[in-house]
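File shown here: work.tsv, holding TSV, C-alpha atoms and all ligand atoms.
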```
chain	number	residue	atom	x	y	z
A	1	MET	CA	-118.62	-109.70	53.57
A	2	SER	CA	-120.79	-107.23	55.46
A	3	GLN	CA	-121.62	-107.87	59.11
A	4	GLU	CA	-124.85	-109.86	59.16
A	5	LEU	CA	-127.24	-108.42	61.74
A	6	ARG	CA	-129.33	-111.37	62.84
A	7	GLY	CA	-132.42	-110.81	64.97
A	8	LYS	CA	-132.03	-113.97	67.06
A	9	VAL	CA	-129.21	-112.64	69.25
A	10	VAL	CA	-131.26	-109.58	70.15
A	11	ALA	CA	-134.49	-111.58	70.62
A	12	ASP	CA	-132.73	-114.10	72.90
A	13	VAL	CA	-131.66	-111.35	75.32
A	14	ILE	CA	-135.22	-109.95	75.43
A	15	LYS	CA	-136.73	-113.44	75.92
A	16	ASN	CA	-134.33	-114.33	78.74
A	17	ASN	CA	-135.27	-111.17	80.63
A	18	LEU	CA	-138.97	-111.83	80.06
A	19	ARG	CA	-138.67	-115.45	81.21
A	20	ASN	CA	-137.26	-114.30	84.57
A	21	GLU	CA	-139.87	-111.56	85.00
A	22	ILE	CA	-142.74	-113.93	84.15
A	23	GLU	CA	-141.47	-116.52	86.63
A	24	GLU	CA	-141.40	-113.86	89.32
A	25	PHE	CA	-144.98	-112.78	88.56
A	26	LYS	CA	-146.19	-116.38	88.47
A	27	SER	CA	-144.67	-117.00	91.90
A	28	LYS	CA	-146.94	-114.18	93.14
A	29	GLY	CA	-150.00	-115.82	91.52
A	30	ILE	CA	-150.15	-113.55	88.44
A	31	ALA	CA	-149.94	-115.23	85.03
A	32	PRO	CA	-148.98	-112.64	82.38
A	33	THR	CA	-151.39	-113.18	79.46
A	34	ILE	CA	-151.76	-111.89	75.91
A	35	ALA	CA	-155.10	-112.07	74.08
A	36	VAL	CA	-154.77	-112.34	70.31
A	37	VAL	CA	-157.83	-111.32	68.30
A	38	ARG	CA	-158.08	-112.51	64.71
A	39	VAL	CA	-160.99	-111.75	62.40
A	40	GLY	CA	-160.97	-113.98	59.32
A	41	GLU	CA	-158.34	-116.34	57.94
A	42	ASN	CA	-155.57	-114.11	56.59
A	43	PRO	CA	-152.52	-116.45	56.21
A	44	SER	CA	-150.02	-113.86	57.46
A	45	ASP	CA	-152.18	-113.25	60.58
A	46	ILE	CA	-152.38	-117.03	61.17
A	47	SER	CA	-148.63	-117.39	60.89
A	48	TYR	CA	-147.99	-114.45	63.27
A	49	GLU	CA	-150.54	-115.96	65.68
A	50	LYS	CA	-148.66	-119.29	65.62
A	51	ALA	CA	-145.36	-117.49	66.28
A	52	ILE	CA	-146.87	-115.64	69.24
A	53	VAL	CA	-148.21	-118.88	70.78
A	54	LYS	CA	-144.81	-120.56	70.31
A	55	VAL	CA	-142.65	-117.73	71.68
A	56	ALA	CA	-145.07	-116.99	74.55
A	57	GLY	CA	-145.07	-120.69	75.48
A	58	SER	CA	-141.26	-120.77	75.46
A	59	ILE	CA	-141.06	-117.99	78.07
A	60	GLY	CA	-144.03	-119.08	80.20
A	61	MET	CA	-146.53	-116.44	79.06
A	62	GLU	CA	-150.19	-117.44	78.64
A	63	THR	CA	-152.09	-116.85	75.39
A	64	LYS	CA	-155.82	-116.48	74.87
A	65	LEU	CA	-156.86	-116.81	71.23
A	66	VAL	CA	-160.03	-115.11	70.04
A	67	GLN	CA	-160.76	-116.31	66.51
A	68	LEU	CA	-163.74	-114.70	64.80
A	69	PRO	CA	-165.29	-115.28	61.37
A	70	GLU	CA	-164.77	-112.81	58.51
A	71	GLU	CA	-168.46	-111.75	58.74
A	72	THR	CA	-168.06	-110.46	62.33
A	73	THR	CA	-169.73	-107.05	62.65
A	74	THR	CA	-168.29	-103.92	64.25
A	75	GLU	CA	-170.75	-104.34	67.15
A	76	GLN	CA	-169.76	-108.00	67.73
A	77	LEU	CA	-166.05	-107.17	67.67
A	78	GLU	CA	-166.64	-104.22	69.97
A	79	LYS	CA	-168.28	-106.57	72.50
A	80	GLU	CA	-165.33	-108.99	72.35
A	81	ILE	CA	-162.83	-106.18	72.91
A	82	ILE	CA	-164.80	-104.76	75.83
A	83	THR	CA	-164.89	-108.24	77.43
A	84	LEU	CA	-161.08	-108.47	77.08
A	85	ASN	CA	-160.65	-104.91	78.40
A	86	GLU	CA	-162.56	-105.92	81.53
A	87	ASP	CA	-160.91	-109.32	82.00
A	88	THR	CA	-158.38	-108.85	84.80
A	89	LYS	CA	-156.56	-112.04	83.72
A	90	VAL	CA	-155.68	-110.46	80.33
A	91	HIS	CA	-152.79	-107.97	80.35
A	92	GLY	CA	-152.29	-107.27	76.66
A	93	ILE	CA	-154.56	-107.34	73.59
A	94	LEU	CA	-153.29	-107.67	70.03
A	95	MET	CA	-155.84	-107.29	67.25
A	96	PHE	CA	-154.59	-108.10	63.77
A	97	ARG	CA	-154.85	-105.32	61.21
A	98	PRO	CA	-156.05	-104.49	58.67
A	99	LEU	CA	-159.50	-105.62	59.77
A	100	PRO	CA	-162.03	-106.68	57.12
A	101	LYS	CA	-163.27	-103.58	55.27
A	102	HIS	CA	-166.82	-103.65	56.70
A	103	ILE	CA	-165.48	-103.20	60.27
A	104	ASP	CA	-165.02	-99.67	61.59
A	105	GLN	CA	-161.28	-99.71	62.33
A	106	GLU	CA	-161.26	-96.15	63.73
A	107	LYS	CA	-163.82	-97.17	66.33
A	108	MET	CA	-161.76	-100.22	67.34
A	109	ARG	CA	-158.65	-98.09	67.89
A	110	ASP	CA	-160.56	-96.04	70.44
A	111	ILE	CA	-162.28	-98.98	72.14
A	112	ILE	CA	-159.18	-101.06	72.89
A	113	SER	CA	-158.01	-100.11	76.39
A	114	ALA	CA	-154.85	-97.97	76.15
A	115	ASP	CA	-153.49	-99.93	79.13
A	116	LYS	CA	-153.71	-103.26	77.23
A	117	ASP	CA	-153.06	-101.95	73.70
A	118	VAL	CA	-149.78	-103.80	73.05
A	119	ASP	CA	-149.66	-102.81	69.35
A	120	ALA	CA	-150.23	-99.11	70.08
A	121	MET	CA	-153.39	-98.67	67.99
A	122	ASN	CA	-155.06	-96.39	70.49
A	123	PRO	CA	-154.33	-92.67	69.86
A	124	ILE	CA	-153.40	-92.28	73.55
A	125	ASN	CA	-150.38	-94.57	73.03
A	126	LEU	CA	-149.49	-93.00	69.68
A	127	GLU	CA	-149.57	-89.55	71.26
A	128	LYS	CA	-147.16	-90.70	73.96
A	129	ILE	CA	-144.71	-91.91	71.30
A	130	PHE	CA	-144.89	-88.53	69.58
A	131	GLU	CA	-144.44	-86.72	72.91
A	132	GLY	CA	-141.47	-88.90	73.87
A	133	ASP	CA	-143.39	-90.10	76.95
A	134	PRO	CA	-142.03	-93.58	77.83
A	135	SER	CA	-145.05	-94.57	79.94
A	136	GLY	CA	-147.15	-95.82	76.99
A	137	LEU	CA	-147.13	-99.00	74.91
A	138	GLU	CA	-145.25	-99.10	71.60
A	139	PRO	CA	-145.82	-100.84	68.24
A	140	ALA	CA	-143.57	-103.88	67.86
A	141	THR	CA	-142.11	-103.41	64.36
A	142	PRO	CA	-140.56	-99.93	64.77
A	143	ARG	CA	-139.29	-100.84	68.25
A	144	ALA	CA	-137.77	-104.02	66.78
A	145	ALA	CA	-135.90	-101.94	64.18
A	146	VAL	CA	-134.49	-99.70	66.93
A	147	GLU	CA	-133.50	-102.66	69.10
A	148	MET	CA	-131.81	-104.29	66.09
A	149	ILE	CA	-129.56	-101.24	65.76
A	150	LYS	CA	-128.84	-100.78	69.48
A	151	GLY	CA	-128.69	-104.51	70.26
A	152	HIS	CA	-125.77	-104.88	67.84
A	153	GLY	CA	-123.94	-102.03	69.57
A	154	PHE	CA	-124.48	-99.27	67.00
A	155	GLU	CA	-124.81	-95.72	68.27
A	156	LEU	CA	-127.85	-93.63	67.24
A	157	LYS	CA	-126.88	-90.36	68.89
A	158	GLY	CA	-125.97	-87.79	66.24
A	159	LYS	CA	-126.24	-90.29	63.37
A	160	ASP	CA	-128.00	-89.58	60.09
A	161	VAL	CA	-130.81	-92.12	59.76
A	162	VAL	CA	-133.01	-92.37	56.67
A	163	VAL	CA	-136.35	-94.16	57.05
A	164	ILE	CA	-138.06	-95.17	53.80
A	165	ASN	CA	-141.70	-95.39	54.92
A	166	ARG	CA	-144.20	-92.89	56.32
A	167	SER	CA	-146.97	-95.23	57.51
A	168	MET	CA	-148.47	-95.04	60.99
A	169	VAL	CA	-147.44	-98.64	61.72
A	170	VAL	CA	-143.78	-98.30	60.74
A	171	GLY	CA	-142.23	-95.03	59.53
A	172	LYS	CA	-143.84	-92.33	61.66
A	173	PRO	CA	-143.50	-94.02	65.09
A	174	LEU	CA	-140.03	-95.25	64.12
A	175	ALA	CA	-138.91	-91.69	63.29
A	176	MET	CA	-140.10	-90.54	66.74
A	177	MET	CA	-138.27	-93.39	68.49
A	178	LEU	CA	-135.06	-92.58	66.60
A	179	LEU	CA	-135.38	-88.89	67.50
A	180	GLN	CA	-135.80	-89.92	71.12
A	181	ASP	CA	-132.39	-91.62	70.81
A	182	ASN	CA	-130.95	-88.37	69.39
A	183	ALA	CA	-130.56	-89.48	65.76
A	184	THR	CA	-131.04	-86.97	62.94
A	185	VAL	CA	-133.94	-88.44	61.00
A	186	THR	CA	-135.08	-88.09	57.39
A	187	ILE	CA	-138.34	-89.75	56.32
A	188	CYS	CA	-138.55	-90.73	52.64
A	189	HIS	CA	-141.58	-92.01	50.69
A	190	SER	CA	-142.83	-92.64	47.18
A	191	LYS	CA	-142.83	-88.93	46.29
A	192	THR	CA	-139.26	-88.33	47.50
A	193	GLU	CA	-137.10	-86.92	44.71
A	194	ASP	CA	-133.75	-88.64	44.34
A	195	LEU	CA	-134.08	-91.26	47.07
A	196	LYS	CA	-130.51	-92.41	46.47
A	197	ALA	CA	-129.11	-88.96	47.32
A	198	HIS	CA	-130.64	-89.37	50.79
A	199	THR	CA	-129.77	-93.02	51.41
A	200	LYS	CA	-126.21	-92.77	50.07
A	201	ARG	CA	-125.16	-90.13	52.57
A	202	ALA	CA	-126.93	-91.69	55.59
A	203	ASP	CA	-125.16	-93.61	58.36
A	204	ILE	CA	-128.16	-95.92	58.82
A	205	VAL	CA	-130.95	-96.72	56.35
A	206	VAL	CA	-134.18	-98.39	57.46
A	207	THR	CA	-136.22	-99.64	54.51
A	208	ALA	CA	-139.91	-100.61	54.67
A	209	LEU	CA	-141.20	-100.04	51.14
A	210	GLY	CA	-142.80	-103.43	50.71
A	211	ARG	CA	-141.09	-104.00	47.31
A	212	PRO	CA	-139.03	-107.19	47.53
A	213	ALA	CA	-135.39	-107.14	46.38
A	214	THR	CA	-135.67	-103.76	44.62
A	215	ILE	CA	-132.91	-101.88	46.47
A	216	ASP	CA	-129.40	-102.55	45.21
A	217	ALA	CA	-125.92	-101.49	46.32
A	218	SER	CA	-126.11	-98.17	44.44
A	219	TYR	CA	-128.31	-96.82	47.28
A	220	PHE	CA	-125.58	-97.19	49.90
A	221	ASN	CA	-121.98	-96.41	50.78
A	222	GLU	CA	-119.38	-98.80	52.19
A	223	ASP	CA	-120.10	-97.67	55.77
A	224	SER	CA	-123.90	-97.95	55.52
A	225	ILE	CA	-125.83	-99.90	58.15
A	226	VAL	CA	-128.90	-101.34	56.44
A	227	ILE	CA	-131.99	-102.38	58.43
A	228	ASP	CA	-134.53	-104.09	56.18
A	229	VAL	CA	-138.07	-104.13	57.60
A	230	GLY	CA	-139.75	-105.08	54.31
A	231	VAL	CA	-141.12	-108.59	53.84
A	232	GLY	CA	-142.51	-109.95	50.59
A	233	MET	CA	-142.19	-112.51	47.83
A	234	THR	CA	-140.02	-112.01	44.75
A	235	GLU	CA	-141.39	-112.99	41.33
A	236	ASP	CA	-139.62	-116.36	41.63
A	237	GLY	CA	-141.39	-117.04	44.95
A	238	LYS	CA	-138.51	-116.29	47.33
A	239	LEU	CA	-139.15	-114.57	50.68
A	240	SER	CA	-137.18	-111.32	50.63
A	241	GLY	CA	-136.80	-107.90	52.19
A	242	ASP	CA	-136.75	-104.68	50.15
A	243	VAL	CA	-133.01	-105.02	49.70
A	244	ASP	CA	-131.43	-107.37	47.17
A	245	TYR	CA	-129.33	-109.02	49.90
A	246	ASP	CA	-126.90	-110.89	47.66
A	247	ALA	CA	-126.20	-107.78	45.57
A	248	VAL	CA	-125.61	-105.59	48.63
A	249	ASN	CA	-123.76	-108.02	50.90
A	250	GLY	CA	-120.05	-107.07	50.92
A	251	LYS	CA	-120.72	-103.50	49.77
A	252	VAL	CA	-122.01	-102.07	53.07
A	253	LYS	CA	-120.80	-102.23	56.67
A	254	ALA	CA	-123.74	-104.23	58.05
A	255	ILE	CA	-127.07	-105.58	56.85
A	256	THR	CA	-130.06	-107.49	58.26
A	257	PRO	CA	-131.11	-110.68	56.45
A	258	VAL	CA	-134.74	-111.49	55.56
A	259	PRO	CA	-135.87	-113.86	56.98
A	260	GLY	CA	-133.87	-113.85	60.22
A	261	GLY	CA	-133.65	-110.10	60.74
A	262	VAL	CA	-136.12	-107.54	62.15
A	263	GLY	CA	-139.07	-109.96	61.88
A	264	SER	CA	-137.44	-112.36	64.33
A	265	ILE	CA	-137.35	-109.67	67.05
A	266	THR	CA	-140.93	-108.44	66.59
A	267	THR	CA	-142.70	-111.17	68.58
A	268	SER	CA	-140.34	-110.81	71.55
A	269	ILE	CA	-140.91	-107.04	71.55
A	270	LEU	CA	-144.68	-107.59	71.44
A	271	LEU	CA	-144.46	-109.86	74.49
A	272	SER	CA	-142.24	-107.34	76.28
A	273	GLN	CA	-145.09	-104.83	75.83
A	274	VAL	CA	-147.46	-107.33	77.50
A	275	MET	CA	-145.06	-107.51	80.46
A	276	LYS	CA	-144.89	-103.71	80.58
A	277	ALA	CA	-148.71	-103.59	80.72
A	278	CYS	CA	-148.81	-106.37	83.34
A	279	LYS	CA	-146.29	-104.58	85.58
A	280	LYS	CA	-148.24	-101.31	85.33
A	281	MET	CA	-151.51	-103.07	86.19
A	282	ASN	CA	-149.97	-104.71	89.23
A	283	SER	CA	-147.87	-101.83	90.53
B	1	LIG	P1	-147.26	-99.27	53.46
B	1	LIG	O1	-148.30	-98.62	54.33
B	1	LIG	O2	-147.63	-99.69	52.08
B	1	LIG	O3	-146.02	-98.29	53.40
B	1	LIG	C1	-145.03	-98.37	52.43
B	1	LIG	C2	-144.22	-97.09	52.47
B	1	LIG	O4	-143.17	-97.19	51.52
B	1	LIG	C3	-145.04	-95.83	52.14
B	1	LIG	O5	-144.68	-94.78	52.99
B	1	LIG	C4	-144.64	-95.57	50.70
B	1	LIG	O6	-144.72	-94.20	50.33
B	1	LIG	C5	-143.21	-96.03	50.68
B	1	LIG	N1	-142.78	-96.40	49.34
B	1	LIG	C6	-143.38	-97.28	48.49
B	1	LIG	N2	-142.70	-97.32	47.32
B	1	LIG	C7	-141.66	-96.45	47.43
B	1	LIG	C8	-140.61	-96.05	46.56
B	1	LIG	N3	-140.49	-96.55	45.34
B	1	LIG	N4	-139.72	-95.16	47.02
B	1	LIG	C9	-139.83	-94.62	48.26
B	1	LIG	N5	-140.81	-94.96	49.13
B	1	LIG	C10	-141.73	-95.87	48.71
B	1	LIG	O7	-146.69	-100.56	54.18
B	1	LIG	P2	-146.42	-100.88	55.74
B	1	LIG	O8	-147.62	-101.52	56.32
B	1	LIG	O9	-145.86	-99.69	56.40
B	1	LIG	O10	-145.31	-102.02	55.59
B	1	LIG	C11	-144.11	-101.78	54.88
B	1	LIG	C12	-143.29	-103.04	54.75
B	1	LIG	O11	-142.92	-103.47	56.05
B	1	LIG	C13	-144.00	-104.23	54.11
B	1	LIG	O12	-143.05	-104.99	53.35
B	1	LIG	C14	-144.44	-105.05	55.29
B	1	LIG	O13	-144.55	-106.43	54.97
B	1	LIG	C15	-143.28	-104.82	56.21
B	1	LIG	N6	-143.61	-105.07	57.62
B	1	LIG	C16	-142.74	-105.86	58.28
B	1	LIG	C17	-142.95	-106.16	59.59
B	1	LIG	C18	-141.92	-106.99	60.32
B	1	LIG	O14	-142.16	-107.43	61.45
B	1	LIG	N7	-140.73	-107.22	59.76
B	1	LIG	C19	-144.08	-105.67	60.24
B	1	LIG	C20	-144.95	-104.80	59.55
B	1	LIG	C21	-144.68	-104.53	58.23
B	1	LIG	P3	-146.12	-93.40	50.26
B	1	LIG	O15	-146.48	-93.09	51.68
B	1	LIG	O16	-145.81	-92.20	49.46
B	1	LIG	O17	-147.10	-94.33	49.60
```
What is this structure when it is put down as structure tokens?
Amino acid sequence: MSQELRGKVVADVIKNNLRNEIEEFKSKGIAPTIAVVRVGENPSDISYEKAIVKVAGSIGMETKLVQLPEETTTEQLEKEIITLNEDTKVHGILMFRPLPKHIDQEKMRDIISADKDVDAMNPINLEKIFEGDPSGLEPATPRAAVEMIKGHGFELKGKDVVVINRSMVVGKPLAMMLLQDNATVTICHSKTEDLKAHTKRADIVVTALGRPATIDASYFNEDSIVIDVGVGMTEDGKLSGDVDYDAVNGKVKAITPVPGGVGSITTSILLSQVMKACKKMNS
């Protein structure tokens, strides 16, 4: 059997730290608060929203839900975001993406205050990630992948890490975070020739293709550490990562399950970004 890298153990450590920090802030009359902005009724947004409310509640963080209809215009959303930017009781703003197609997403990225932008949409925060400047806010999913690796005691320094994804929400910021931890990083994508040649020689492989259960054991070696960020449904309706877990388990050193892996750290990381914003605002 491979070592199963569960997210819960990592998330519990993050939540315990947050719980103490929030208690301290509350004793000074400051209630750390996240505003969650949802436009429309996308089921995956609704389920993430529920998870945020639950986890925030469990650590004493306040949530403010802004639920807007699908027909909301760019101007209306802009007004909502500006109100949240100016609300001193709100420390972090998460706006679900993608937004409905008629909304100008580029404009929203610029409007959301960089100081409250807990999903790092604003180019100011993205630039800081690319510069290796730790003062900004970071997107939750790539940070969760890094914390999964480090939280289970694996070294990144000098290791060959292959990331299969080049999106702005996962692959590109993740590659920068890994470089910051002195890994040697290769980014693969749909035009990569001979993907297996890259993954097979890597120490750590992070997959985020979005193709459930399509990666089998032939992509890895017996010492591979496999971090599966992908989430989707197989043809027979089973929730799965990119990796065919049952086929790979036992043939690699360590592997994250889906569900129960990276996704179970993401919400805690998001809330840790709210605390980071709150501390900066009150320093
Ligand atoms: P995306 O924008 O569609 O990116 C997918 C990436 O995979 C692209 O870079 C694509 O290459 C690459 N790819 C697709 N097929 C490939 C193939 N056959 N070989 C090599 N590379 C291939 O998706 P995303 O928004 O980044 O999300 C990716 C996955 O992560 C999804 O399953 C999503 O559900 C999951 N996700 C999970 C969490 C979490 O908390 N666990 C959060 C966010 C997203 P090209 O660039 O060439 O198209």
Please return as a PyMOL selection string every residue within 9 Å of (-135.5, -101.7, 64.2), taking into account all atoms listed in the file and the file's own coordinates. chain A and resi 141-150+174+206+227-229+262+265-266
Which residues sit within 10 Å of ligand LIG 1 (chain B), counting all atoms listed in the file, listed as a PDB file with C-alpha atoms, in the frame of the given file?
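out-v9.pdb written:
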```
ATOM      1  CA  SER A  44    -150.020-113.860  57.460  1.00  0.00           C
ATOM      2  CA  TYR A  48    -147.990-114.450  63.270  1.00  0.00           C
ATOM      3  CA  ARG A  97    -154.850-105.320  61.210  1.00  0.00           C
ATOM      4  CA  PRO A  98    -156.050-104.490  58.670  1.00  0.00           C
ATOM      5  CA  PRO A 139    -145.820-100.840  68.240  1.00  0.00           C
ATOM      6  CA  ALA A 140    -143.570-103.880  67.860  1.00  0.00           C
ATOM      7  CA  THR A 141    -142.110-103.410  64.360  1.00  0.00           C
ATOM      8  CA  PRO A 142    -140.560 -99.930  64.770  1.00  0.00           C
ATOM      9  CA  ARG A 143    -139.290-100.840  68.250  1.00  0.00           C
ATOM     10  CA  ALA A 144    -137.770-104.020  66.780  1.00  0.00           C
ATOM     11  CA  ALA A 145    -135.900-101.940  64.180  1.00  0.00           C
ATOM     12  CA  VAL A 163    -136.350 -94.160  57.050  1.00  0.00           C
ATOM     13  CA  ILE A 164    -138.060 -95.170  53.800  1.00  0.00           C
ATOM     14  CA  ASN A 165    -141.700 -95.390  54.920  1.00  0.00           C
ATOM     15  CA  ARG A 166    -144.200 -92.890  56.320  1.00  0.00           C
ATOM     16  CA  SER A 167    -146.970 -95.230  57.510  1.00  0.00           C
ATOM     17  CA  MET A 168    -148.470 -95.040  60.990  1.00  0.00           C
ATOM     18  CA  VAL A 169    -147.440 -98.640  61.720  1.00  0.00           C
ATOM     19  CA  VAL A 170    -143.780 -98.300  60.740  1.00  0.00           C
ATOM     20  CA  GLY A 171    -142.230 -95.030  59.530  1.00  0.00           C
ATOM     21  CA  LYS A 172    -143.840 -92.330  61.660  1.00  0.00           C
ATOM     22  CA  ILE A 187    -138.340 -89.750  56.320  1.00  0.00           C
ATOM     23  CA  CYS A 188    -138.550 -90.730  52.640  1.00  0.00           C
ATOM     24  CA  HIS A 189    -141.580 -92.010  50.690  1.00  0.00           C
ATOM     25  CA  SER A 190    -142.830 -92.640  47.180  1.00  0.00           C
ATOM     26  CA  LYS A 191    -142.830 -88.930  46.290  1.00  0.00           C
ATOM     27  CA  THR A 192    -139.260 -88.330  47.500  1.00  0.00           C
ATOM     28  CA  GLU A 193    -137.100 -86.920  44.710  1.00  0.00           C
ATOM     29  CA  ASP A 194    -133.750 -88.640  44.340  1.00  0.00           C
ATOM     30  CA  LEU A 195    -134.080 -91.260  47.070  1.00  0.00           C
ATOM     31  CA  LYS A 196    -130.510 -92.410  46.470  1.00  0.00           C
ATOM     32  CA  THR A 207    -136.220 -99.640  54.510  1.00  0.00           C
ATOM     33  CA  ALA A 208    -139.910-100.610  54.670  1.00  0.00           C
ATOM     34  CA  LEU A 209    -141.200-100.040  51.140  1.00  0.00           C
ATOM     35  CA  GLY A 210    -142.800-103.430  50.710  1.00  0.00           C
ATOM     36  CA  ARG A 211    -141.090-104.000  47.310  1.00  0.00           C
ATOM     37  CA  PRO A 212    -139.030-107.190  47.530  1.00  0.00           C
ATOM     38  CA  THR A 214    -135.670-103.760  44.620  1.00  0.00           C
ATOM     39  CA  ILE A 215    -132.910-101.880  46.470  1.00  0.00           C
ATOM     40  CA  ASP A 228    -134.530-104.090  56.180  1.00  0.00           C
ATOM     41  CA  VAL A 229    -138.070-104.130  57.600  1.00  0.00           C
ATOM     42  CA  GLY A 230    -139.750-105.080  54.310  1.00  0.00           C
ATOM     43  CA  VAL A 231    -141.120-108.590  53.840  1.00  0.00           C
ATOM     44  CA  GLY A 232    -142.510-109.950  50.590  1.00  0.00           C
ATOM     45  CA  MET A 233    -142.190-112.510  47.830  1.00  0.00           C
ATOM     46  CA  SER A 240    -137.180-111.320  50.630  1.00  0.00           C
ATOM     47  CA  GLY A 241    -136.800-107.900  52.190  1.00  0.00           C
ATOM     48  CA  ASP A 242    -136.750-104.680  50.150  1.00  0.00           C
ATOM     49  CA  VAL A 258    -134.740-111.490  55.560  1.00  0.00           C
ATOM     50  CA  PRO A 259    -135.870-113.860  56.980  1.00  0.00           C
ATOM     51  CA  GLY A 260    -133.870-113.850  60.220  1.00  0.00           C
ATOM     52  CA  GLY A 261    -133.650-110.100  60.740  1.00  0.00           C
ATOM     53  CA  VAL A 262    -136.120-107.540  62.150  1.00  0.00           C
ATOM     54  CA  GLY A 263    -139.070-109.960  61.880  1.00  0.00           C
ATOM     55  CA  SER A 264    -137.440-112.360  64.330  1.00  0.00           C
ATOM     56  CA  ILE A 265    -137.350-109.670  67.050  1.00  0.00           C
ATOM     57  CA  THR A 266    -140.930-108.440  66.590  1.00  0.00           C
ATOM     58  CA  THR A 267    -142.700-111.170  68.580  1.00  0.00           C
TER      59      THR A 267
END
```
If we count only C-alpha atoms, what is near Asn122 in chain A at a cut-off of 9 Å, once residues fewer than 4 positions away on the same chain are taken out, given as a PDB file with C-alpha atoms, in the coordinates of the input?
```
ATOM      1  CA  MET A 108    -161.760-100.220  67.340  1.00  0.00           C
ATOM      2  CA  ARG A 109    -158.650 -98.090  67.890  1.00  0.00           C
ATOM      3  CA  ASP A 110    -160.560 -96.040  70.440  1.00  0.00           C
ATOM      4  CA  ILE A 111    -162.280 -98.980  72.140  1.00  0.00           C
ATOM      5  CA  ILE A 112    -159.180-101.060  72.890  1.00  0.00           C
ATOM      6  CA  SER A 113    -158.010-100.110  76.390  1.00  0.00           C
ATOM      7  CA  ALA A 114    -154.850 -97.970  76.150  1.00  0.00           C
ATOM      8  CA  ASP A 117    -153.060-101.950  73.700  1.00  0.00           C
ATOM      9  CA  LEU A 126    -149.490 -93.000  69.680  1.00  0.00           C
ATOM     10  CA  GLU A 127    -149.570 -89.550  71.260  1.00  0.00           C
TER      11      GLU A 127
END
```
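CA of Lys280 in chain A to CA of Met176 in chain A spans 23.0 Å [interatomic distance, one decimal].
When all atoms listed in the file are used to compute distances to Ala31 in chain A, the closest of the residues A:Ile81, A:Leu271, A:Val53, A:Met61 turns out to be A:Met61.
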Enumerate, as a PyMOL selection string, the protein, DNA and RNA residues whose atoms approach (-120.0, -93.8, 50.9) to within 12 Å, taking into account only C-alpha atoms and the coordinate frame of the file. chain A and resi 196-204+217-225+251-253
Selection: 9 Å around Gly250 in chain A, only C-alpha atoms, excl. self and same-chain fewer than 4 positions, as number ranges by chain: A: 1-3, 222, 246, 254
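Note that the spacing between CA of Gly237 in chain A and CA of Val162 in chain A amounts to 28.6 Å.
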Measure the distance from CA of His102 in chain A to CA of Thr73 in chain A in Å and round it to one decimal. 7.4 Å
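Minimum atom-to-atom distances from A:Pro43, A:Ala183, A:Leu77, A:Lys15 to Val55 in chain A were compared using only C-alpha atoms, and the lowest value belongs to A:Lys15.
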For range 169-177 of chain A, write N, CA, C and O atoms out as a PDB file, in the first residue's frame.
```
ATOM      1  N   VAL A 169      -5.318  29.739 -12.223  1.00  0.00           N
ATOM      2  CA  VAL A 169      -5.843  29.441 -10.886  1.00  0.00           C
ATOM      3  C   VAL A 169      -5.085  28.305 -10.207  1.00  0.00           C
ATOM      4  O   VAL A 169      -5.094  28.202  -8.987  1.00  0.00           O
ATOM      5  N   VAL A 170      -4.437  27.448 -11.001  1.00  0.00           N
ATOM      6  CA  VAL A 170      -3.725  26.322 -10.386  1.00  0.00           C
ATOM      7  C   VAL A 170      -2.241  26.295 -10.798  1.00  0.00           C
ATOM      8  O   VAL A 170      -1.355  26.625  -9.998  1.00  0.00           O
ATOM      9  N   GLY A 171      -1.960  25.912 -12.026  1.00  0.00           N
ATOM     10  CA  GLY A 171      -0.591  25.564 -12.429  1.00  0.00           C
ATOM     11  C   GLY A 171       0.438  26.669 -12.317  1.00  0.00           C
ATOM     12  O   GLY A 171       1.527  26.456 -11.765  1.00  0.00           O
ATOM     13  N   LYS A 172       0.109  27.851 -12.852  1.00  0.00           N
ATOM     14  CA  LYS A 172       1.128  28.913 -12.870  1.00  0.00           C
ATOM     15  C   LYS A 172       1.470  29.406 -11.454  1.00  0.00           C
ATOM     16  O   LYS A 172       2.647  29.428 -11.097  1.00  0.00           O
ATOM     17  N   PRO A 173       0.466  29.787 -10.625  1.00  0.00           N
ATOM     18  CA  PRO A 173       0.868  30.187  -9.260  1.00  0.00           C
ATOM     19  C   PRO A 173       1.523  29.056  -8.478  1.00  0.00           C
ATOM     20  O   PRO A 173       2.467  29.276  -7.720  1.00  0.00           O
ATOM     21  N   LEU A 174       1.064  27.821  -8.709  1.00  0.00           N
ATOM     22  CA  LEU A 174       1.658  26.683  -7.994  1.00  0.00           C
ATOM     23  C   LEU A 174       3.139  26.546  -8.348  1.00  0.00           C
ATOM     24  O   LEU A 174       3.987  26.330  -7.467  1.00  0.00           O
ATOM     25  N   ALA A 175       3.461  26.683  -9.636  1.00  0.00           N
ATOM     26  CA  ALA A 175       4.860  26.560 -10.067  1.00  0.00           C
ATOM     27  C   ALA A 175       5.726  27.604  -9.360  1.00  0.00           C
ATOM     28  O   ALA A 175       6.844  27.309  -8.923  1.00  0.00           O
ATOM     29  N   MET A 176       5.181  28.817  -9.205  1.00  0.00           N
ATOM     30  CA  MET A 176       5.947  29.887  -8.538  1.00  0.00           C
ATOM     31  C   MET A 176       6.153  29.566  -7.056  1.00  0.00           C
ATOM     32  O   MET A 176       7.218  29.797  -6.495  1.00  0.00           O
ATOM     33  N   MET A 177       5.098  29.035  -6.418  1.00  0.00           N
ATOM     34  CA  MET A 177       5.213  28.681  -4.994  1.00  0.00           C
ATOM     35  C   MET A 177       6.255  27.570  -4.795  1.00  0.00           C
ATOM     36  O   MET A 177       7.027  27.584  -3.840  1.00  0.00           O
TER      37      MET A 177
END
```
